[in-house]
Amino acid sequence: MLTKADVVERYLPSLLTASSEPVTCFAPSNIALCKYWGKREKELNLPVNSSLSISLGHLGTQTTLSLADVDQVWLNGERLTDDTPFARKVIAFIDLFRRDQAVTLKVDTRNNIPTAAGLASSASGFAALSLAINQFFALDLSDDVLSAFARMGSGSASRSLFQGFVEWERGQQEDGMDSFARPLAARWDTLRIGLVKVATGEKKVDSRSGMTRTLETASLYQAWPAQAARDISRLHSAISDKDFQLLGETAEHNALSMHATMIASWPPLIYWQPDSLAAMQKVWQLREQGIPIYFTMDAGPNLKLLFEAEHEADVLTAFGEIEVVNPFSAAP
Ligand code: PMV
């Protein structure tokens with residue numbers, strides 16, 4: 001079996017040159033419209049299916065790397081102890097690149113995603129870290145390679161290197177170097193995403209264990225790869241025709257189908273809370289009243305609403321003071 005270190009090694013110079021100046025990079029969060037759910041290979045985070053997402057513009061993670069006397073990981077202005085899971089993951093990722101060379105670093109990670117929005121930050125975190133490592137060690141890696149490396153930190157991080165619509169191709173190769181994301185050229189300036197917080201805080205079952213459990217115990221999962229492939233092609237049509245109904249229906253159906261595979265696992269995996277279902281019902285009521293609004297959900301209780309700018313006022317009236325993102329406002 002190939003390890004992450006085996007794969008990364010091939011792209012590195014034998015001796016690293018570390019920057020004497022701090023390097024800062026930003027990467028956006030992203031929301032999948034066709035989800036990544038299931039790994040065909042766990043060490044390299046290789047997915048069963050391709051996925052397609054929309055990035056959240058200016059919301060994401062900013063990471064600064066600088067030389068320091070000892071390794072230290074900071075999160076939102078606080079130094080973490082070395083044994084926290086986040087610090088351990090970050091240092092293990094950096095080790096892939098510096099190998100046994102004596103370069104000790106300060107990693108300063110800042111998420112500007114409002115904590116109240118209940119969005120995961122591992123995608124933008126590993127994407128920003130990959131960009132910063134590339135620049136700090138002057139590796140000059142291509143976007144494709146960087147996206148494949150970010151994927152080894154967290155699958156969805158492969159998509160967070162880019163703004164706008166992004167597609168992550170599952171790939172075929174054993175080393176996973178054809179499993180990376182690329183941005184689509186299309187823009188959709190009237191598209192809006194509403195972040196509905198149901199609960200924040202650590203979830204009991206992280207996405208890695210959730211995927212394993214689903215693959216091993218849910219026979220419904222067998223239908224998932226074909227549905228994901230169909231949904232990706234629908235999303236391509238929806239994006240090129242600016243067909244909002246097709247985009248929304250595909251994304252909502254895709255998310256609910258993913259959750260159905262989790263619910264069909266054993267022990268059952270249900271990320272929803274009563275308020276998640278209440279928010280879904282509110283979306284369906286609004287649709288009955290003629291307002292085109294859809295939702296998607298990841299491995300957690302929070303909803304992400306999809307609608308167009310002309311309906312923002314109706315959505316705010318129904319959902320109160322939720323964060324609304326214009327994904328293309330900050331995109332290049
Ligand atoms: O990147 P991970 O390992 O956190 O998995 C992400 C899984 C989902 O958020 C549920 C779907 C997705 O494609 O982002």
# chains A, B, ... in the order shown; residues from 1 in each chain; ligands from 1
>>> residues_around(residues="A:Leu139", least_positions_apart="5", cutoff="9 Å", atoms="only C-alpha atoms", output="list in words")
Tyr11, Leu12, Pro13, Leu16, Thr17, Ile133 and Asn134 of chain A
>>> write_last_selection(atoms="all heavy atoms", output="short mmCIF file (atom, residue, chain, number, x, y, z; two decimals), in the first residue's frame")
data_model
loop_
_atom_site.label_atom_id
_atom_site.label_comp_id
_atom_site.auth_asym_id
_atom_site.auth_seq_id
_atom_site.Cartn_x
_atom_site.Cartn_y
_atom_site.Cartn_z
N TYR A 11 7.39 14.49 -5.35
CA TYR A 11 7.25 15.85 -5.88
C TYR A 11 8.16 16.85 -5.18
O TYR A 11 8.09 18.04 -5.45
CB TYR A 11 5.80 16.31 -5.75
CG TYR A 11 4.87 15.50 -6.64
CD1 TYR A 11 4.39 14.26 -6.22
CD2 TYR A 11 4.53 15.96 -7.90
CE1 TYR A 11 3.56 13.51 -7.03
CE2 TYR A 11 3.71 15.21 -8.72
CZ TYR A 11 3.23 13.99 -8.28
OH TYR A 11 2.42 13.25 -9.11
N LEU A 12 8.98 16.37 -4.24
CA LEU A 12 9.76 17.31 -3.43
C LEU A 12 11.23 17.33 -3.83
O LEU A 12 11.78 16.31 -4.25
CB LEU A 12 9.66 16.91 -1.95
CG LEU A 12 8.26 16.91 -1.35
CD1 LEU A 12 8.32 16.51 0.12
CD2 LEU A 12 7.60 18.28 -1.50
N PRO A 13 11.87 18.50 -3.68
CA PRO A 13 13.32 18.55 -3.87
C PRO A 13 13.99 17.81 -2.72
O PRO A 13 13.39 17.66 -1.64
CB PRO A 13 13.63 20.05 -3.81
CG PRO A 13 12.52 20.63 -3.00
CD PRO A 13 11.32 19.78 -3.24
N LEU A 16 14.96 21.08 1.31
CA LEU A 16 13.96 22.15 1.29
C LEU A 16 14.61 23.51 1.51
O LEU A 16 15.56 23.62 2.29
CB LEU A 16 12.96 21.94 2.43
CG LEU A 16 11.92 20.85 2.29
CD1 LEU A 16 11.05 20.87 3.54
CD2 LEU A 16 11.07 21.08 1.04
N THR A 17 14.05 24.54 0.89
CA THR A 17 14.46 25.90 1.21
C THR A 17 13.28 26.54 1.91
O THR A 17 12.20 26.67 1.31
CB THR A 17 14.69 26.73 -0.08
OG1 THR A 17 14.85 25.84 -1.17
CG2 THR A 17 15.82 27.69 0.06
N ILE A 133 2.25 25.90 2.50
CA ILE A 133 3.44 25.02 2.43
C ILE A 133 4.11 25.18 1.07
O ILE A 133 5.34 25.30 0.96
CB ILE A 133 3.03 23.55 2.69
CG1 ILE A 133 2.69 23.35 4.17
CG2 ILE A 133 4.14 22.59 2.26
CD1 ILE A 133 2.09 21.98 4.50
N ASN A 134 3.31 25.19 0.02
CA ASN A 134 3.85 25.32 -1.33
C ASN A 134 4.68 26.60 -1.47
O ASN A 134 5.78 26.59 -2.02
CB ASN A 134 2.68 25.35 -2.33
CG ASN A 134 3.14 25.37 -3.77
OD1 ASN A 134 4.05 24.63 -4.14
ND2 ASN A 134 2.54 26.23 -4.58
#
>>> select_by_dssp(residues="stretch 34-182 of chain A", states="strand (DSSP E)", output="PyMOL selection string")
chain A and resi 34+39-41+46-47+51-67+72-75+78-79+105-111+165-168+181-182
>>> atom_distance(atom1="atom CA of A:Ile193", atom2="atom CA of A:Gly57")
10.8 Å
>>> residues_around(residues="A:Phe319", least_positions_apart="5", cutoff="9 Å", atoms="only C-alpha atoms", output="JSON, numbers by chain")
{"A": [196, 279, 282, 314]}
>>> write_last_selection(atoms="N, CA, C and O atoms", output="PDB file, in the first residue's frame")
ATOM      1  N   VAL A 196     -27.891  28.088   7.919  1.00  0.00           N
ATOM      2  CA  VAL A 196     -28.823  27.955   9.035  1.00  0.00           C
ATOM      3  C   VAL A 196     -28.178  27.109  10.121  1.00  0.00           C
ATOM      4  O   VAL A 196     -27.903  25.926   9.919  1.00  0.00           O
ATOM      5  N   ALA A 279     -36.397  22.981  10.120  1.00  0.00           N
ATOM      6  CA  ALA A 279     -35.897  23.892   9.075  1.00  0.00           C
ATOM      7  C   ALA A 279     -36.208  23.328   7.682  1.00  0.00           C
ATOM      8  O   ALA A 279     -36.580  24.069   6.771  1.00  0.00           O
ATOM      9  N   LYS A 282     -39.712  24.081   6.892  1.00  0.00           N
ATOM     10  CA  LYS A 282     -39.884  25.493   6.539  1.00  0.00           C
ATOM     11  C   LYS A 282     -39.528  25.707   5.061  1.00  0.00           C
ATOM     12  O   LYS A 282     -40.204  26.432   4.339  1.00  0.00           O
ATOM     13  N   ASP A 314     -37.490  37.273   1.412  1.00  0.00           N
ATOM     14  CA  ASP A 314     -38.435  36.241   1.881  1.00  0.00           C
ATOM     15  C   ASP A 314     -37.734  35.225   2.779  1.00  0.00           C
ATOM     16  O   ASP A 314     -38.279  34.779   3.785  1.00  0.00           O
TER      17      ASP A 314
END
>>> atom_distance(atom1="atom CA of A:Trp74", atom2="atom CA of A:Leu141")
25.6 Å
>>> closest_atom_pairs(of="chain A", to="ligand 1", cutoff="9 Å", atoms="only C-alpha atoms and all ligand atoms", output="JSON lines")
{"residue": "A:Asn30", "atom": "CA", "partner": "ligand 1", "partner_atom_place_in_ligand_line": "14 (O)", "distance": 7.3}
{"residue": "A:Ile31", "atom": "CA", "partner": "ligand 1", "partner_atom_place_in_ligand_line": "14 (O)", "distance": 6.1}
{"residue": "A:Ala32", "atom": "CA", "partner": "ligand 1", "partner_atom_place_in_ligand_line": "13 (O)", "distance": 4.8}
{"residue": "A:Leu33", "atom": "CA", "partner": "ligand 1", "partner_atom_place_in_ligand_line": "13 (O)", "distance": 7.7}
{"residue": "A:Cys34", "atom": "CA", "partner": "ligand 1", "partner_atom_place_in_ligand_line": "13 (O)", "distance": 6.7}
{"residue": "A:Lys35", "atom": "CA", "partner": "ligand 1", "partner_atom_place_in_ligand_line": "13 (O)", "distance": 3.8}
{"residue": "A:Tyr36", "atom": "CA", "partner": "ligand 1", "partner_atom_place_in_ligand_line": "13 (O)", "distance": 3.6}
{"residue": "A:Trp37", "atom": "CA", "partner": "ligand 1", "partner_atom_place_in_ligand_line": "7 (C)", "distance": 5.9}
{"residue": "A:Gly38", "atom": "CA", "partner": "ligand 1", "partner_atom_place_in_ligand_line": "7 (C)", "distance": 8.5}
{"residue": "A:Asn45", "atom": "CA", "partner": "ligand 1", "partner_atom_place_in_ligand_line": "3 (O)", "distance": 7.8}
{"residue": "A:Ser50", "atom": "CA", "partner": "ligand 1", "partner_atom_place_in_ligand_line": "13 (O)", "distance": 8.9}
{"residue": "A:Ser51", "atom": "CA", "partner": "ligand 1", "partner_atom_place_in_ligand_line": "13 (O)", "distance": 6.2}
{"residue": "A:Leu52", "atom": "CA", "partner": "ligand 1", "partner_atom_place_in_ligand_line": "13 (O)", "distance": 7.5}
{"residue": "A:Ser53", "atom": "CA", "partner": "ligand 1", "partner_atom_place_in_ligand_line": "13 (O)", "distance": 7.3}
{"residue": "A:Ala120", "atom": "CA", "partner": "ligand 1", "partner_atom_place_in_ligand_line": "4 (O)", "distance": 7.6}
{"residue": "A:Ser121", "atom": "CA", "partner": "ligand 1", "partner_atom_place_in_ligand_line": "4 (O)", "distance": 8.6}
{"residue": "A:Ser122", "atom": "CA", "partner": "ligand 1", "partner_atom_place_in_ligand_line": "4 (O)", "distance": 6.4}
{"residue": "A:Ala123", "atom": "CA", "partner": "ligand 1", "partner_atom_place_in_ligand_line": "1 (O)", "distance": 6.0}
{"residue": "A:Arg151", "atom": "CA", "partner": "ligand 1", "partner_atom_place_in_ligand_line": "1 (O)", "distance": 7.7}
{"residue": "A:Gly153", "atom": "CA", "partner": "ligand 1", "partner_atom_place_in_ligand_line": "1 (O)", "distance": 8.3}
{"residue": "A:Ser154", "atom": "CA", "partner": "ligand 1", "partner_atom_place_in_ligand_line": "1 (O)", "distance": 4.5}
{"residue": "A:Gly155", "atom": "CA", "partner": "ligand 1", "partner_atom_place_in_ligand_line": "1 (O)", "distance": 3.8}
{"residue": "A:Ser156", "atom": "CA", "partner": "ligand 1", "partner_atom_place_in_ligand_line": "1 (O)", "distance": 3.6}
{"residue": "A:Ala157", "atom": "CA", "partner": "ligand 1", "partner_atom_place_in_ligand_line": "1 (O)", "distance": 6.1}
{"residue": "A:Ser158", "atom": "CA", "partner": "ligand 1", "partner_atom_place_in_ligand_line": "1 (O)", "distance": 8.3}
{"residue": "A:Arg159", "atom": "CA", "partner": "ligand 1", "partner_atom_place_in_ligand_line": "14 (O)", "distance": 8.8}
{"residue": "A:Asp206", "atom": "CA", "partner": "ligand 1", "partner_atom_place_in_ligand_line": "4 (O)", "distance": 7.7}
{"residue": "A:Ser207", "atom": "CA", "partner": "ligand 1", "partner_atom_place_in_ligand_line": "5 (O)", "distance": 5.3}
{"residue": "A:Arg208", "atom": "CA", "partner": "ligand 1", "partner_atom_place_in_ligand_line": "3 (O)", "distance": 5.6}
{"residue": "A:Met211", "atom": "CA", "partner": "ligand 1", "partner_atom_place_in_ligand_line": "7 (C)", "distance": 8.3}
{"residue": "A:Ala255", "atom": "CA", "partner": "ligand 1", "partner_atom_place_in_ligand_line": "10 (C)", "distance": 8.4}
{"residue": "A:Met258", "atom": "CA", "partner": "ligand 1", "partner_atom_place_in_ligand_line": "10 (C)", "distance": 8.1}
{"residue": "A:His259", "atom": "CA", "partner": "ligand 1", "partner_atom_place_in_ligand_line": "10 (C)", "distance": 9.0}
{"residue": "A:Met297", "atom": "CA", "partner": "ligand 1", "partner_atom_place_in_ligand_line": "10 (C)", "distance": 7.5}
{"residue": "A:Asp298", "atom": "CA", "partner": "ligand 1", "partner_atom_place_in_ligand_line": "10 (C)", "distance": 4.1}
{"residue": "A:Ala299", "atom": "CA", "partner": "ligand 1", "partner_atom_place_in_ligand_line": "10 (C)", "distance": 4.5}
{"residue": "A:Gly300", "atom": "CA", "partner": "ligand 1", "partner_atom_place_in_ligand_line": "10 (C)", "distance": 7.9}
>>> closest_residue(among="A:Thr296, A:Thr24, A:Gln273, A:Gln281", to="A:Glu252", atoms="only C-alpha atoms")
A:Thr296
